[in-house]
Amino acid sequence: MAVGILDRITKKLKEGTTAALAPAVDPREVNLTSHQKQRALLEQVARAIREVIAARGRLEASAESVRAKLPELEAQARSELQAGRRNMARLALQRRQVAQAELATLERQLAEVEREEVALSMVEQRLSTQIEAFAARQEVIRARYSAAEAQVRINEAVTGVSEDFADLAAALQRAEEKTESMQARATAIDKLVREGDLESVVETTSEALPDLPGGDEELEHQLAVLEADLQQG
């Protein structure tokens with residue numbers, strides 16, 4: 001029993017972790033789905049209103065037809081009485097009573113349909129207003145979300161550029177330091193040359209040059225070779 005409970009708890013934890021790590025739903029898509037549902041509901045209400053209007057038209061036609069029979073039946077009963085046919089007159093009056101009852105029923109149904117039509121029209125108006133307000137909010141959400149996306153991309157780009165600028169600034173700093181050092185050494189050599197201190201110039205120039213293969217011994221050898229050539233010449 002304990003193992004079964006532990007398995008269920010582990011499964012729930014895995015499901016929760018999976019849901020937490022799932023990508024966030026784009027609110028623009030969620031709003032679009034809700035907007036479509038509201039539009040579908042509004043269409044259903046509009047279709048119901050059209051059906052109610054059609055039913056009201058049929059009831060009005062039926063009531064008008066029955067209402068037109070009432071004076072005809074009354075005239076028929078009067079004519080039968082004048083002709084001495086009392087039973088026929090009675091039958092015409094009975095038919096008139098039935099028609100009156102039918103007319104009363106039709107008028108009640110017509111009143112109910114009219115109330116239903118008014119109620120549906122109010123629902124349609126409220127729903128239309130809500131949909132318009134929802135559409136306006138949807139546009140705001142879409143614009144804010146798109147702006148946030150653009151801001152994220154800009155921040156990421158700026159971060160990358162900032163890192164590149166930092167590396168470039170460090171490289172330029174090192175180059176400036178080397179340039180300043182070289183300029184200072186060149187200025188010192190020019191000063192020594194103007195003053196005629198050649199030995200100091202040679203020492204300073206040697207310090208400015210990088211280490212060469214052979215070092216001082218190679219330089220002395222090359223000087224000796226040059227001297228020998230000069231003597232022979």
# chains A, B, ... in the order shown; residues from 1 in each chain; ligands from 1

$ residues_around --residues "stretch 122-131 of chain A" --least-positions-apart "5" --cutoff "8 Å" --atoms "only C-alpha atoms" --output "VMD selection string"
chain A and resid 35 38 to 39 42 45 to 46

$ residues_around --residues "A:Arg115" --least-positions-apart "4" --cutoff "12 Å" --atoms "only C-alpha atoms" --output "list in words"
Ile49, Val52, Ile53, Arg56, Arg108, Gln109, Leu110, Ala111, Ala119, Leu120, Ser121 and Met122 of chain A

$ atom_distance --atom1 "atom CA of A:Arg47" --atom2 "atom CA of A:Glu112"
18.0 Å

$ residues_around --residues "A:Gln97" --least-positions-apart "2" --cutoff "12 Å" --atoms "only C-alpha atoms" --output "ChimeraX atom specification"
/A:66-67,69-71,73-74,77,90-95,99-104

$ write_last_selection --atoms "C-alpha atoms" --output "short mmCIF file (atom, residue, chain, number, x, y, z; two decimals), in the first residue's frame"
data_model
loop_
_atom_site.label_atom_id
_atom_site.label_comp_id
_atom_site.auth_asym_id
_atom_site.auth_seq_id
_atom_site.Cartn_x
_atom_site.Cartn_y
_atom_site.Cartn_z
CA VAL A 66 -58.41 33.92 -37.09
CA ARG A 67 -59.30 37.51 -36.25
CA LYS A 69 -63.04 34.93 -39.26
CA LEU A 70 -64.79 36.38 -36.20
CA PRO A 71 -67.01 38.93 -38.00
CA LEU A 73 -68.95 33.81 -38.29
CA GLU A 74 -71.03 36.39 -36.48
CA ALA A 77 -75.03 33.25 -37.35
CA ARG A 90 -75.89 28.16 -32.89
CA LEU A 91 -73.21 26.17 -34.74
CA ALA A 92 -71.79 29.35 -36.28
CA LEU A 93 -71.62 30.97 -32.84
CA GLN A 94 -69.82 27.89 -31.43
CA ARG A 95 -67.29 28.11 -34.23
CA ALA A 99 -61.95 30.95 -33.01
CA GLN A 100 -61.92 33.46 -30.15
CA ALA A 101 -60.20 30.92 -27.88
CA GLU A 102 -57.70 30.13 -30.61
CA LEU A 103 -57.05 33.85 -31.09
CA ALA A 104 -56.49 34.33 -27.36
#
